[in-house]
Each structure stands twice: as structure tokens, then as C-alpha cells.
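The file run-v7.tsv comes next; it holds TSV, C-alpha atoms and all ligand atoms.
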chain	number	residue	atom	x	y	z
C	17	MET	CA	-51.75	-40.46	86.47
C	18	ASP	CA	-50.14	-37.06	87.08
C	19	GLU	CA	-53.08	-35.01	85.88
C	20	PRO	CA	-55.73	-36.12	88.45
C	21	ILE	CA	-53.31	-35.68	91.35
C	22	VAL	CA	-52.48	-32.15	90.19
C	23	SER	CA	-56.20	-31.37	89.85
C	24	VAL	CA	-57.03	-32.73	93.29
C	25	THR	CA	-54.19	-30.75	94.83
C	26	LYS	CA	-55.22	-27.55	93.05
C	27	ASN	CA	-58.85	-28.01	94.10
C	28	PHE	CA	-57.80	-28.65	97.68
C	29	VAL	CA	-55.58	-25.57	97.75
C	30	ASN	CA	-58.43	-23.61	96.20
C	31	LEU	CA	-60.74	-24.54	99.10
C	32	ILE	CA	-58.34	-22.94	101.55
C	33	TYR	CA	-57.09	-20.05	99.40
C	34	PRO	CA	-59.72	-19.27	96.74
C	35	LEU	CA	-57.99	-18.38	93.49
C	36	ARG	CA	-58.64	-14.88	92.29
C	37	CYS	CA	-57.72	-13.06	89.10
C	38	ALA	CA	-54.58	-11.02	89.82
C	39	ALA	CA	-55.99	-8.06	87.86
C	40	CYS	CA	-59.70	-7.78	88.79
C	41	GLY	CA	-60.06	-10.07	91.84
C	42	LYS	CA	-62.84	-12.20	90.36
C	43	SER	CA	-62.90	-15.89	91.42
C	44	LEU	CA	-61.03	-18.14	89.02
C	45	ASP	CA	-61.48	-21.68	87.85
C	46	PRO	CA	-58.80	-23.64	89.78
C	47	LEU	CA	-57.42	-24.97	86.50
C	48	GLU	CA	-57.04	-21.52	84.96
C	49	GLU	CA	-53.49	-21.63	83.68
C	50	PHE	CA	-52.20	-18.09	84.22
C	51	GLY	CA	-53.87	-16.77	87.38
C	52	VAL	CA	-55.72	-14.17	85.28
C	53	CYS	CA	-59.35	-14.37	84.10
C	54	ARG	CA	-60.22	-14.48	80.41
C	55	VAL	CA	-62.00	-11.12	80.49
C	56	CYS	CA	-58.83	-9.40	81.72
C	57	LEU	CA	-56.60	-11.32	79.31
C	58	ASN	CA	-58.80	-10.26	76.40
C	59	LYS	CA	-58.55	-6.62	77.49
C	60	ILE	CA	-54.75	-6.50	77.10
C	61	ARG	CA	-54.05	-4.47	73.96
C	62	GLN	CA	-51.09	-5.08	71.70
C	63	ASN	CA	-48.90	-2.08	71.03
C	64	PRO	CA	-50.06	-0.85	67.59
C	65	LYS	CA	-47.63	-0.59	64.68
C	66	PRO	CA	-44.88	0.52	64.20
C	67	TYR	CA	-44.20	-1.14	67.63
C	68	SER	CA	-40.90	0.61	68.06
C	69	ARG	CA	-39.12	3.88	68.61
C	70	SER	CA	-35.84	4.83	67.09
C	71	CYS	CA	-34.45	8.29	67.19
C	72	GLY	CA	-31.11	10.07	67.17
C	73	LEU	CA	-31.63	11.08	70.80
C	74	PHE	CA	-31.41	7.50	72.04
C	75	PHE	CA	-28.41	5.17	72.23
C	76	PHE	CA	-30.37	2.06	71.28
C	77	GLU	CA	-30.94	1.02	67.67
C	78	ARG	CA	-34.69	0.43	68.18
C	79	ALA	CA	-36.99	-0.16	71.14
C	80	TYR	CA	-39.96	-2.48	70.72
C	81	SER	CA	-42.89	-2.89	73.10
C	82	ALA	CA	-45.32	-5.81	73.00
C	83	CYS	CA	-48.38	-4.24	74.66
C	84	LEU	CA	-49.83	-1.00	75.97
C	85	TYR	CA	-49.30	-0.09	79.62
C	86	GLU	CA	-52.92	0.38	80.73
C	87	GLY	CA	-55.85	-1.31	82.46
C	88	ALA	CA	-55.50	-5.00	83.30
C	89	LEU	CA	-51.87	-5.25	82.16
C	90	LYS	CA	-50.86	-2.23	84.24
C	91	GLU	CA	-52.42	-3.92	87.27
C	92	LEU	CA	-50.72	-7.26	86.51
C	93	ILE	CA	-47.29	-5.64	86.15
C	94	HIS	CA	-47.83	-3.79	89.43
C	95	VAL	CA	-48.78	-6.97	91.31
C	96	PHE	CA	-45.91	-8.90	89.67
C	97	LYS	CA	-43.34	-6.26	90.54
C	98	TYR	CA	-44.34	-4.80	93.88
C	99	LYS	CA	-46.25	-7.72	95.44
C	100	SER	CA	-43.72	-10.25	94.15
C	101	LYS	CA	-46.36	-12.45	92.52
C	102	ILE	CA	-43.82	-14.40	90.50
C	103	SER	CA	-46.45	-16.84	89.20
C	104	LEU	CA	-47.51	-14.03	86.80
C	105	ALA	CA	-44.16	-14.33	85.01
C	106	LYS	CA	-45.64	-17.09	82.84
C	107	ILE	CA	-48.39	-14.98	81.23
C	108	LEU	CA	-46.27	-11.80	81.10
C	109	SER	CA	-43.42	-13.66	79.35
C	110	LYS	CA	-45.91	-15.29	76.98
C	111	LEU	CA	-47.12	-11.87	75.81
C	112	MET	CA	-43.51	-11.01	74.89
C	113	ILE	CA	-42.81	-14.42	73.32
C	114	ASP	CA	-45.93	-14.22	71.11
C	115	PHE	CA	-44.93	-10.71	70.05
C	116	ILE	CA	-41.41	-11.83	69.09
C	117	LYS	CA	-42.84	-14.74	67.09
C	118	GLU	CA	-44.95	-12.28	65.09
C	119	ASN	CA	-42.00	-9.89	64.60
C	120	ASP	CA	-38.92	-12.02	64.01
C	121	GLU	CA	-36.72	-9.03	63.10
C	122	ILE	CA	-36.48	-8.36	66.86
C	123	LEU	CA	-34.11	-11.33	67.29
C	124	TYR	CA	-32.25	-10.90	64.01
C	125	GLY	CA	-28.49	-11.02	64.71
C	126	ILE	CA	-28.94	-11.03	68.50
C	127	ASP	CA	-26.03	-12.77	70.32
C	128	ILE	CA	-27.05	-12.27	73.93
C	129	ILE	CA	-30.03	-11.15	76.01
C	130	THR	CA	-29.63	-8.90	79.02
C	131	PHE	CA	-31.95	-6.85	81.23
C	132	VAL	CA	-32.26	-3.52	83.03
C	133	PRO	CA	-30.76	-4.01	86.50
C	134	ILE	CA	-32.21	-2.77	89.76
C	135	GLN	CA	-30.11	-1.37	92.56
C	136	ALA	CA	-28.79	-3.90	95.12
C	137	ARG	CA	-30.87	-2.50	98.01
C	138	ARG	CA	-34.07	-2.61	95.97
C	139	LEU	CA	-33.24	-6.15	94.87
C	140	ARG	CA	-32.97	-7.22	98.53
C	141	GLU	CA	-36.31	-5.58	99.37
C	142	ARG	CA	-38.16	-7.02	96.36
C	143	GLY	CA	-36.41	-10.38	96.28
C	144	PHE	CA	-36.20	-10.49	92.49
C	145	ASN	CA	-35.65	-8.33	89.43
C	146	GLN	CA	-38.81	-8.49	87.30
C	147	SER	CA	-36.90	-7.66	84.10
C	148	ARG	CA	-34.39	-10.46	84.72
C	149	THR	CA	-37.26	-12.96	85.21
C	150	LEU	CA	-38.82	-11.94	81.88
C	151	ALA	CA	-35.41	-12.03	80.12
C	152	LEU	CA	-34.70	-15.50	81.54
C	153	ASN	CA	-37.93	-16.88	80.08
C	154	LEU	CA	-37.15	-15.35	76.67
C	155	SER	CA	-33.64	-16.82	76.82
C	156	LYS	CA	-35.06	-20.29	77.51
C	157	GLU	CA	-37.75	-20.02	74.83
C	158	PHE	CA	-35.44	-18.87	72.02
C	159	GLY	CA	-32.18	-20.53	73.12
C	160	ILE	CA	-30.21	-17.27	73.28
C	161	PRO	CA	-27.74	-16.93	76.18
C	162	ILE	CA	-28.57	-14.46	78.94
C	163	THR	CA	-25.86	-12.33	80.57
C	164	ASP	CA	-26.07	-10.26	83.74
C	165	ALA	CA	-24.32	-7.43	81.88
C	166	LEU	CA	-25.21	-4.30	83.84
C	167	LYS	CA	-25.32	-3.01	87.38
C	168	LYS	CA	-27.14	-0.02	88.80
C	169	THR	CA	-24.66	1.99	90.79
C	170	ARG	CA	-27.09	4.14	92.78
C	171	LEU	CA	-30.78	4.63	93.58
C	172	THR	CA	-32.59	6.97	91.21
C	173	LYS	CA	-35.96	8.69	91.44
C	174	PRO	CA	-38.86	7.44	89.28
C	175	GLN	CA	-38.55	9.32	85.98
C	176	ASN	CA	-42.28	10.15	85.84
C	177	GLU	CA	-42.01	12.22	89.05
C	178	LEU	CA	-39.36	14.56	87.63
C	179	THR	CA	-39.23	17.66	85.48
C	180	ARG	CA	-37.56	17.48	82.08
C	181	ASN	CA	-34.27	18.90	83.36
C	182	GLU	CA	-34.22	16.62	86.41
C	183	ARG	CA	-34.82	13.62	84.16
C	184	LEU	CA	-31.69	14.31	82.17
C	185	THR	CA	-29.43	14.29	85.23
C	186	ASN	CA	-31.30	11.67	87.30
C	187	LEU	CA	-30.03	8.67	85.33
C	188	LYS	CA	-26.64	10.02	84.32
C	189	ASP	CA	-23.97	7.34	84.92
C	190	ALA	CA	-26.42	5.30	87.02
C	191	PHE	CA	-25.65	2.14	85.01
C	192	LYS	CA	-22.31	0.41	84.48
C	193	ALA	CA	-21.24	-2.69	82.55
C	194	ARG	CA	-20.07	-5.61	84.71
C	195	ASP	CA	-17.78	-7.51	82.35
C	196	ARG	CA	-16.55	-6.06	79.05
C	197	LEU	CA	-15.46	-9.49	77.79
C	198	LYS	CA	-19.04	-10.77	77.80
C	199	ILE	CA	-20.29	-7.68	75.97
C	200	LYS	CA	-17.60	-6.71	73.47
C	201	GLY	CA	-18.60	-7.06	69.81
C	202	HIS	CA	-22.06	-8.46	70.58
C	203	THR	CA	-25.47	-7.39	69.35
C	204	ILE	CA	-27.56	-7.28	72.50
C	205	LEU	CA	-31.28	-7.49	73.23
C	206	LEU	CA	-32.02	-5.43	76.33
C	207	ILE	CA	-35.21	-6.33	78.25
C	208	ASP	CA	-37.33	-4.23	80.61
C	209	ASP	CA	-40.92	-4.40	81.83
C	210	VAL	CA	-42.15	-0.92	80.88
C	211	MET	CA	-40.84	1.84	78.63
C	212	THR	CA	-42.04	5.35	79.39
C	213	THR	CA	-39.67	8.06	78.17
C	214	GLY	CA	-37.02	5.63	76.88
C	215	ALA	CA	-34.38	7.33	79.06
C	216	THR	CA	-33.60	4.24	81.19
C	217	LEU	CA	-33.21	2.01	78.12
C	218	SER	CA	-31.05	4.63	76.48
C	219	GLU	CA	-28.72	5.01	79.48
C	220	CYS	CA	-28.37	1.21	79.77
C	221	SER	CA	-27.65	1.04	76.03
C	222	LYS	CA	-24.98	3.71	76.43
C	223	ALA	CA	-23.28	1.69	79.19
C	224	LEU	CA	-23.30	-1.42	76.95
C	225	LEU	CA	-21.94	0.51	73.94
C	226	ASP	CA	-19.24	2.11	76.14
C	227	ALA	CA	-18.22	-1.45	77.10
C	228	GLY	CA	-17.84	-2.40	73.43
C	229	ALA	CA	-21.27	-3.77	72.42
C	230	ALA	CA	-21.77	-3.69	68.63
C	231	SER	CA	-25.36	-2.50	68.99
C	232	VAL	CA	-28.32	-2.63	71.36
C	233	ARG	CA	-31.96	-3.35	70.55
C	234	CYS	CA	-34.61	-3.08	73.29
C	235	LEU	CA	-37.81	-4.96	74.02
C	236	THR	CA	-40.26	-4.16	76.79
C	237	LEU	CA	-43.45	-5.90	77.81
C	238	ALA	CA	-45.40	-2.63	77.75
C	239	ARG	CA	-45.18	0.94	76.55
C	240	GLY	CA	-46.52	3.89	78.53
C	241	ILE	CA	-49.35	5.77	76.81
Y	1	ZN	ZN	-59.82	-10.53	85.78

Would you write the structure of this file as C-alpha cells?
Amino acid sequence: MDEPIVSVTKNFVNLIYPLRCAACGKSLDPLEEFGVCRVCLNKIRQNPKPYSRSCGLFFFERAYSACLYEGALKELIHVFKYKSKISLAKILSKLMIDFIKENDEILYGIDIITFVPIQARRLRERGFNQSRTLALNLSKEFGIPITDALKKTRLTKPQNELTRNERLTNLKDAFKARDRLKIKGHTILLIDDVMTTGATLSECSKALLDAGAASVRCLTLARGI
């Protein structure tokens, strides 16, 4: 008997607050599962092969991205992150989960999952860390423990607003490991929402390796293009 009650409640709520697609604003069927219309969902493009970056300049072993940071997905990530629409976590996590299921080498040998931290003041303003929410859903789905391994010691400027030289110093020593005992000897999967230059993931990986991690692999929901 649960189903009809849920439907009635959803329809009732929909009369007062019409449901709209979080990306394009179009009216949604009240039973639409993810809060995003099918047209927008179909527009989200998977990151084409080889999916990952690995290079001597970075501290991580490889960095994978599930999708491309553009169009509907860009809008969804923005609404999720800056308008705290946490209900979008379900579809955004699903995009990452489906990607992992198609590329099982991502989880090979992984002992723990962690995430890129945000600075304490920003966490208070936003109320949640979007990368932690995504990492938590991956941890639940694949049964791999999650650890709050890193902290951000100071506010930094958005990397895309800086020159090349400023970028190099902006993130320097901005991340620190919280507890070496939880990190030491482990192969870690580091989660973030978007990868642009790879500098943030690399600095976080460096902090984990400095604390004794065996190696760090990264996975982001989207990759800047
Ligand atoms: Zn839409």
C-alpha cells in the first residue's frame, strides 16, 4: 500500500510546488525519479576514451572522469553545489556508479574512498561538501569504507581565474592529511565533482602520499572541456 500513498503525496506537493527539471526548468512528471527531464538526461555526454589522465606532472596514479562538464550536466552540478539541491545527488552519483561498473579497473585494489575537502568557512556557508556526498554514495554502492582523510587549511581562489604562475602557488600546501593511521599503506580513491587542470586532485594526492598512502587514483563526475 506504500506506492499509492507516495504517489498521492507527490501529486499533492506538485500542486503547490510544481516540479521542474533542475537543468532546463521544464515541468516534470511528478513521478520522475531524478528531478531532471529525459531530454536533459539524454544530453549528458560520457567522457570519451581513454577516460583518464596520467602524467609525470601529477601526484596521482590516474584520474578518471565519468562525463563531460558542459550543457545540462554543468547546470546540474551548479545547482547541486551552489543552490544546495541535494536531491540531485542521486542522479549525479548514478552517473559515476554506472561509469565504474563499465570500467572496473577504477576500483581495483582500492582500500578506502576519500574526497576533496572544502574549507571550514565554505562548508558552513554551503551546508554540505558536494564531493563528500558523491563519495558517500559510491562507498555505499560498492561497500568500500569512506574516510574523511583531508582538510583544507585555507581559502584558495578558483583555479580558472588565475594565470599559470598564480595557479602553481595558489594551492601549495592548501591540503593536509587528518590522520596518518587511516591513510598509511592504503590505495585510495579520491573523489571530486569536476576536474579542470588536475591541480587540486594532484595537491590532494600529494598530501595523502606525504601521509603514507601507497597510491592515489582519482575519479570525478565531470571533466572540463
Ligand atoms: Zn530538462

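With all atoms listed in the file taken into account, the protein and nucleic acid residues at most 9 Å from Lys200 of chain C (excluding it and anything under 6 positions from it in its own chain) are Leu224, Leu225, Ala227, Gly228, Ala229 and Ala230 of chain C.
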
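Within 9 Å of the file-frame point (-35.8, 5.9, 76.8), and using all atoms listed in the file, the polymer residues found are Leu73, Phe74, Phe75, Phe76, Ala79, Met211, Thr212, Thr213, Gly214, Ala215, Thr216, Leu217, Ser218 and Glu219 of chain C.
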
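Distances to ligand ZN 1 (chain Y) were evaluated for C:Leu92, C:Cys56, C:Leu47, C:Ala82 using only C-alpha atoms and all ligand atoms, and the minimum falls at C:Cys56.
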
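Distances from C:Leu205, C:Ile60, C:Leu150, C:Asn181 to Ile126 of chain C were compared using all atoms listed in the file, and the smallest one belongs to C:Leu205.
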
Excluding Ile134 of chain C and its own-chain neighbours fewer than 6 positions away, which residues fall within 8 Å of it when counting all atoms listed in the file? Please give them as an NGL selection string. :C and (145 or 167-168)

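Distances here use all atoms listed in the file; by that measure, the residue among C:Leu178, C:Leu235, C:Ala105, C:Leu166 closest to Leu152 of chain C is C:Ala105.
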
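Counting only C-alpha atoms and all ligand atoms, the residue from C:Phe96, C:Leu35, C:Glu48, C:Ala88 that sits nearest to ligand ZN 1 (chain Y) is C:Ala88.
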
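Computed from the coordinates, the atom CA of Ser81 of chain C to atom CA of Asn63 of chain C distance equals 6.4 Å.
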
Written record: segment 94-206 of chain C, C-alpha atoms, as a compact mmCIF listing (two decimals), in the first residue's frame:
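Produced file part-v1.txt, reproduced below:
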# COMPACT_ATOMS: atom_id res chain seq x y z
CA HIS C 94 25.99 24.20 -10.40
CA VAL C 95 22.50 23.83 -8.89
CA PHE C 96 23.64 20.88 -6.74
CA LYS C 97 26.67 22.72 -5.42
CA TYR C 98 25.70 26.35 -5.09
CA LYS C 99 21.93 26.09 -4.57
CA SER C 100 22.32 23.08 -2.27
CA LYS C 101 19.84 20.96 -4.21
CA ILE C 102 20.91 17.75 -2.50
CA SER C 103 18.14 15.72 -4.18
CA LEU C 104 20.32 15.80 -7.33
CA ALA C 105 22.92 13.64 -5.57
CA LYS C 106 21.00 10.54 -6.67
CA ILE C 107 21.35 11.10 -10.43
CA LEU C 108 24.87 12.59 -10.18
CA SER C 109 26.08 9.59 -8.14
CA LYS C 110 24.37 7.21 -10.56
CA LEU C 111 26.39 8.64 -13.47
CA MET C 112 29.58 7.82 -11.53
CA ILE C 113 28.35 4.39 -10.41
CA ASP C 114 27.41 3.38 -13.98
CA PHE C 115 30.82 4.56 -15.18
CA ILE C 116 32.64 2.49 -12.53
CA LYS C 117 30.59 -0.58 -13.44
CA GLU C 118 31.72 -0.21 -17.06
CA ASN C 119 35.37 0.35 -16.04
CA ASP C 120 36.08 -1.96 -13.12
CA GLU C 121 39.83 -1.21 -13.12
CA ILE C 122 38.93 2.04 -11.31
CA LEU C 123 38.24 0.12 -8.08
CA TYR C 124 40.99 -2.46 -8.50
CA GLY C 125 42.97 -2.68 -5.23
CA ILE C 126 41.18 0.30 -3.66
CA ASP C 127 41.10 0.10 0.19
CA ILE C 128 39.36 3.36 1.03
CA ILE C 129 37.44 6.17 -0.64
CA THR C 130 38.00 9.80 0.27
CA PHE C 131 37.07 13.18 -1.21
CA VAL C 132 38.41 16.66 -1.90
CA PRO C 133 37.63 18.75 1.20
CA ILE C 134 36.27 22.27 1.25
CA GLN C 135 37.41 24.91 3.69
CA ALA C 136 35.51 25.07 7.01
CA ARG C 137 34.01 28.52 6.32
CA ARG C 138 32.75 27.47 2.90
CA LEU C 139 31.32 24.29 4.42
CA ARG C 140 29.32 26.38 6.90
CA GLU C 141 28.01 28.64 4.11
CA ARG C 142 27.07 25.77 1.77
CA GLY C 143 25.94 23.32 4.43
CA PHE C 144 27.50 20.32 2.71
CA ASN C 145 30.51 19.21 0.71
CA GLN C 146 29.28 18.04 -2.71
CA SER C 147 32.30 15.75 -3.20
CA ARG C 148 31.73 14.06 0.16
CA THR C 149 28.07 13.41 -0.76
CA LEU C 150 29.10 11.76 -4.05
CA ALA C 151 31.86 9.74 -2.31
CA LEU C 152 29.41 8.56 0.36
CA ASN C 153 27.04 7.17 -2.28
CA LEU C 154 29.91 5.36 -4.03
CA SER C 155 31.05 3.94 -0.68
CA LYS C 156 27.54 2.59 -0.01
CA GLU C 157 27.13 1.18 -3.52
CA PHE C 158 30.45 -0.67 -3.64
CA GLY C 159 30.92 -1.45 0.07
CA ILE C 160 34.28 0.34 0.32
CA PRO C 161 34.90 2.32 3.54
CA ILE C 162 34.95 6.12 3.30
CA THR C 163 37.43 8.20 5.32
CA ASP C 164 37.44 11.93 5.92
CA ALA C 165 41.17 11.94 5.16
CA LEU C 166 41.95 15.54 4.20
CA LYS C 167 41.35 19.06 5.39
CA LYS C 168 41.66 22.33 3.51
CA THR C 169 43.77 24.65 5.58
CA ARG C 170 42.91 27.93 3.86
CA LEU C 171 40.63 29.50 1.26
CA THR C 172 42.02 29.46 -2.27
CA LYS C 173 40.99 31.31 -5.41
CA PRO C 174 39.20 29.40 -8.21
CA GLN C 175 41.97 27.97 -10.40
CA ASN C 176 40.27 29.05 -13.65
CA GLU C 177 40.56 32.74 -12.67
CA LEU C 178 44.34 32.62 -12.31
CA THR C 179 47.37 32.86 -14.55
CA ARG C 180 49.64 29.84 -14.93
CA ASN C 181 52.13 31.11 -12.36
CA GLU C 182 49.42 32.03 -9.85
CA ARG C 183 47.91 28.56 -10.23
CA LEU C 184 51.13 26.91 -9.13
CA THR C 185 51.30 28.83 -5.85
CA ASN C 186 47.54 29.14 -5.17
CA LEU C 187 47.10 25.55 -3.98
CA LYS C 188 50.52 24.99 -2.45
CA ASP C 189 50.14 23.33 0.97
CA ALA C 190 46.40 24.11 0.99
CA PHE C 191 45.55 20.49 1.85
CA LYS C 192 46.67 18.41 4.82
CA ALA C 193 46.01 14.83 5.92
CA ARG C 194 43.92 14.47 9.09
CA ASP C 195 45.01 11.08 10.41
CA ARG C 196 48.06 9.22 9.09
CA LEU C 197 46.93 5.95 10.67
CA LYS C 198 43.83 5.81 8.48
CA ILE C 199 45.86 6.54 5.34
CA LYS C 200 49.18 4.74 5.74
CA GLY C 201 49.78 1.89 3.27
CA HIS C 202 46.37 2.24 1.59
CA THR C 203 45.46 2.57 -2.06
CA ILE C 204 42.98 5.43 -2.10
CA LEU C 205 40.23 6.52 -4.48
CA LEU C 206 39.93 10.31 -4.32
